[in-house]
Amino acid sequence: MKQFLYCLLFIQTLAGHAQLKTVDVGKENLPITANLFYSVGGQPFNNYKYVRLTEGTPYFREEWMGGKVIMSGGFAYDSIYLRLDLVDNELHYIGPDGREMIANSPVRAVVLSDSITGARYTFVHSDYIPGAARNSGWYQMLDTGNVTLYKRYVKLMNEDKPYGSAVTEQKISTSGNYFLLVNGQLVSIRKFKEIAGLLPQKKVEIKNYINLQNLSGKNDAEYRSLINYYNSLLAAQ
């Protein structure tokens, strides 16, 4: 009976905010509440899947982070402890009773905050990114403007039984692929210097910026710097 009431409350909440069709997850002026998120429903998480993990992590960050959840209808829930499982593409949260739960309801975006550095990490689900259906899951938004830069983490779990051991060990490796959302199309970036060809409107300026800043695409910061520069050029027109 309690679960039915929770579901009913969640449906009423979405209906009351159905007018929020388009949400800019980078904006702060979203309707926010802290407690109603626990009414949207979830299932308890059992950690048996990762008990033999000896290397790597299935999560974006192993530690719990405070954050904001933006639902499919645009309604936001703030001040929740969250973790993103990027192996199973699940959103985990700490319920009011202290239990780890897996969110069941459709989530558009998640904003995670590092309490030590103040850094914020925004993830958008593939269901809300045009052209992302073939690679479903969570995409980190690194920069947005005329074009949006995303990063999709690829986590692979391998199981191996060391010689002489009766126990199988698990190891998770992590890599990342970058994407650009250009004119409503999601395009994979295969090589860093190919970005200039993907943005022909400022192709010369992009090439000059890469050479001037000695960029090679070795980390997120360099990708973010280049796309931020491109977006600033268009914004100045």
# chains A, B, ... in the order shown; residues from 1 in each chain; ligands from 1

call {"tool": "residues_around", "arguments": {"residues": "region 182-194 of chain A", "least_positions_apart": "2", "cutoff": "8 Å", "atoms": "only C-alpha atoms", "output": "list in words"}}
result
Ile129, Pro130, Gly131, Ala132, Asn146, Val147, Thr148, Asn177, Tyr178, Phe179, Leu180, Ala196, Gly197, Leu198, Lys207, Ser216, Gly217 and Tyr223 of chain A

call {"tool": "residues_around", "arguments": {"residues": "Lys161 (chain A)", "least_positions_apart": "3", "cutoff": "12 Å", "atoms": "only C-alpha atoms", "output": "list in words"}}
result
Arg52, Leu53, Thr54, Asn158, Gly164, Ser165, Ala166, Val167, Thr168, Glu169, Gln170 and Lys171 of chain A

call {"tool": "closest_residue", "arguments": {"among": "A:Val87, A:Ala103, A:Leu199, A:Val51", "to": "Leu234 (chain A)", "atoms": "only C-alpha atoms"}}
result
A:Leu199

call {"tool": "select_by_dssp", "arguments": {"residues": "region 50-228 of chain A", "states": "strand (DSSP E)", "output": "ChimeraX atom specification"}}
result
/A:53-55,65-71,76-85,90-94,100-103,107-113,120-125,138-143,148-160,169-182,185-189

call {"tool": "atom_distance", "arguments": {"atom1": "CA of Ile195 (chain A)", "atom2": "CA of Ile210 (chain A)"}}
result
10.1 Å

call {"tool": "select_by_dssp", "arguments": {"residues": "region 106-176 of chain A", "states": "helix (DSSP H, G or I)", "output": "list in words"}}
result
Ser126, Asp127, Tyr128, Ala133, Arg134 and Asn135 of chain A

call {"tool": "atom_distance", "arguments": {"atom1": "CA of Gln201 (chain A)", "atom2": "CA of Asn231 (chain A)"}}
result
11.2 Å

call {"tool": "closest_residue", "arguments": {"among": "A:Leu84, A:Ala119, A:Leu215, A:Met157", "to": "Ile102 (chain A)", "atoms": "only C-alpha atoms"}}
result
A:Leu84

call {"tool": "residues_around", "arguments": {"residues": "Thr57 (chain A)", "least_positions_apart": "4", "cutoff": "10 Å", "atoms": "only C-alpha atoms", "output": "ChimeraX atom specification"}}
result
/A:50,53,61-62,85-87,155-157,171-174

call {"tool": "write_last_selection", "arguments": {"atoms": "N, CA, C and O atoms", "output": "PDB file, in the first residue's frame"}}
result
ATOM      1  N   TYR A  50      30.009  -6.729  -6.572  1.00  0.00           N
ATOM      2  CA  TYR A  50      31.366  -6.203  -6.589  1.00  0.00           C
ATOM      3  C   TYR A  50      32.196  -6.656  -5.388  1.00  0.00           C
ATOM      4  O   TYR A  50      33.217  -6.044  -5.066  1.00  0.00           O
ATOM      5  N   LEU A  53      35.897  -7.420  -6.200  1.00  0.00           N
ATOM      6  CA  LEU A  53      36.595  -6.396  -6.972  1.00  0.00           C
ATOM      7  C   LEU A  53      37.934  -6.060  -6.313  1.00  0.00           C
ATOM      8  O   LEU A  53      37.991  -5.701  -5.137  1.00  0.00           O
ATOM      9  N   ARG A  61      32.794   8.253  -9.239  1.00  0.00           N
ATOM     10  CA  ARG A  61      33.640   8.471  -8.072  1.00  0.00           C
ATOM     11  C   ARG A  61      33.244   7.443  -7.022  1.00  0.00           C
ATOM     12  O   ARG A  61      32.064   7.214  -6.801  1.00  0.00           O
ATOM     13  N   GLU A  62      34.216   6.828  -6.400  1.00  0.00           N
ATOM     14  CA  GLU A  62      33.930   5.803  -5.412  1.00  0.00           C
ATOM     15  C   GLU A  62      33.189   6.374  -4.210  1.00  0.00           C
ATOM     16  O   GLU A  62      32.292   5.742  -3.656  1.00  0.00           O
ATOM     17  N   ASP A  85      26.791   4.519 -11.064  1.00  0.00           N
ATOM     18  CA  ASP A  85      27.376   3.252 -11.484  1.00  0.00           C
ATOM     19  C   ASP A  85      27.441   3.271 -13.010  1.00  0.00           C
ATOM     20  O   ASP A  85      26.413   3.197 -13.693  1.00  0.00           O
ATOM     21  N   LEU A  86      28.643   3.384 -13.564  1.00  0.00           N
ATOM     22  CA  LEU A  86      28.818   3.504 -15.007  1.00  0.00           C
ATOM     23  C   LEU A  86      29.061   2.156 -15.680  1.00  0.00           C
ATOM     24  O   LEU A  86      29.270   2.103 -16.894  1.00  0.00           O
ATOM     25  N   VAL A  87      29.014   1.071 -14.912  1.00  0.00           N
ATOM     26  CA  VAL A  87      29.024  -0.270 -15.501  1.00  0.00           C
ATOM     27  C   VAL A  87      27.600  -0.656 -15.887  1.00  0.00           C
ATOM     28  O   VAL A  87      27.331  -1.064 -17.026  1.00  0.00           O
ATOM     29  N   LYS A 155      33.482   1.535 -18.972  1.00  0.00           N
ATOM     30  CA  LYS A 155      34.036   0.717 -17.899  1.00  0.00           C
ATOM     31  C   LYS A 155      33.792  -0.758 -18.213  1.00  0.00           C
ATOM     32  O   LYS A 155      32.656  -1.163 -18.419  1.00  0.00           O
ATOM     33  N   LEU A 156      34.867  -1.508 -18.257  1.00  0.00           N
ATOM     34  CA  LEU A 156      34.784  -2.931 -18.565  1.00  0.00           C
ATOM     35  C   LEU A 156      35.267  -3.744 -17.372  1.00  0.00           C
ATOM     36  O   LEU A 156      36.325  -3.459 -16.808  1.00  0.00           O
ATOM     37  N   MET A 157      34.480  -4.741 -16.989  1.00  0.00           N
ATOM     38  CA  MET A 157      34.845  -5.603 -15.867  1.00  0.00           C
ATOM     39  C   MET A 157      35.345  -6.953 -16.379  1.00  0.00           C
ATOM     40  O   MET A 157      34.651  -7.625 -17.145  1.00  0.00           O
ATOM     41  N   LYS A 171      38.361  -7.057 -11.987  1.00  0.00           N
ATOM     42  CA  LYS A 171      39.082  -5.815 -12.243  1.00  0.00           C
ATOM     43  C   LYS A 171      38.281  -4.978 -13.236  1.00  0.00           C
ATOM     44  O   LYS A 171      37.762  -5.507 -14.217  1.00  0.00           O
ATOM     45  N   ILE A 172      38.187  -3.687 -12.964  1.00  0.00           N
ATOM     46  CA  ILE A 172      37.442  -2.782 -13.841  1.00  0.00           C
ATOM     47  C   ILE A 172      38.399  -1.763 -14.439  1.00  0.00           C
ATOM     48  O   ILE A 172      39.114  -1.062 -13.709  1.00  0.00           O
ATOM     49  N   SER A 173      38.423  -1.705 -15.756  1.00  0.00           N
ATOM     50  CA  SER A 173      39.233  -0.699 -16.459  1.00  0.00           C
ATOM     51  C   SER A 173      38.324   0.426 -16.938  1.00  0.00           C
ATOM     52  O   SER A 173      37.136   0.208 -17.216  1.00  0.00           O
ATOM     53  N   THR A 174      38.883   1.622 -17.037  1.00  0.00           N
ATOM     54  CA  THR A 174      38.099   2.792 -17.430  1.00  0.00           C
ATOM     55  C   THR A 174      38.774   3.533 -18.578  1.00  0.00           C
ATOM     56  O   THR A 174      39.983   3.778 -18.548  1.00  0.00           O
TER      57      THR A 174
END

call {"tool": "atom_distance", "arguments": {"atom1": "CA of Gly145 (chain A)", "atom2": "CA of Arg108 (chain A)"}}
result
18.6 Å

call {"tool": "closest_residue", "arguments": {"among": "A:Phe75, A:Glu159, A:Gly98, A:Leu181", "to": "Lys49 (chain A)", "atoms": "only C-alpha atoms"}}
result
A:Glu159

call {"tool": "closest_residue", "arguments": {"among": "A:Asn104, A:Pro58, A:Leu112, A:Ser232", "to": "Tyr81 (chain A)", "atoms": "only C-alpha atoms"}}
result
A:Leu112

call {"tool": "closest_residue", "arguments": {"among": "A:Tyr77, A:Tyr209, A:Tyr230, A:Phe45", "to": "Asp143 (chain A)", "atoms": "only C-alpha atoms"}}
result
A:Tyr230

call {"tool": "residues_around", "arguments": {"residues": "Val69 (chain A)", "least_positions_apart": "5", "cutoff": "7 Å", "atoms": "only C-alpha atoms", "output": "PyMOL selection string"}}
result
chain A and resi 76-78+109-111

call {"tool": "closest_residue", "arguments": {"among": "A:Ile80, A:Val154, A:Leu233, A:Val124", "to": "Gln140 (chain A)", "atoms": "only C-alpha atoms"}}
result
A:Val124
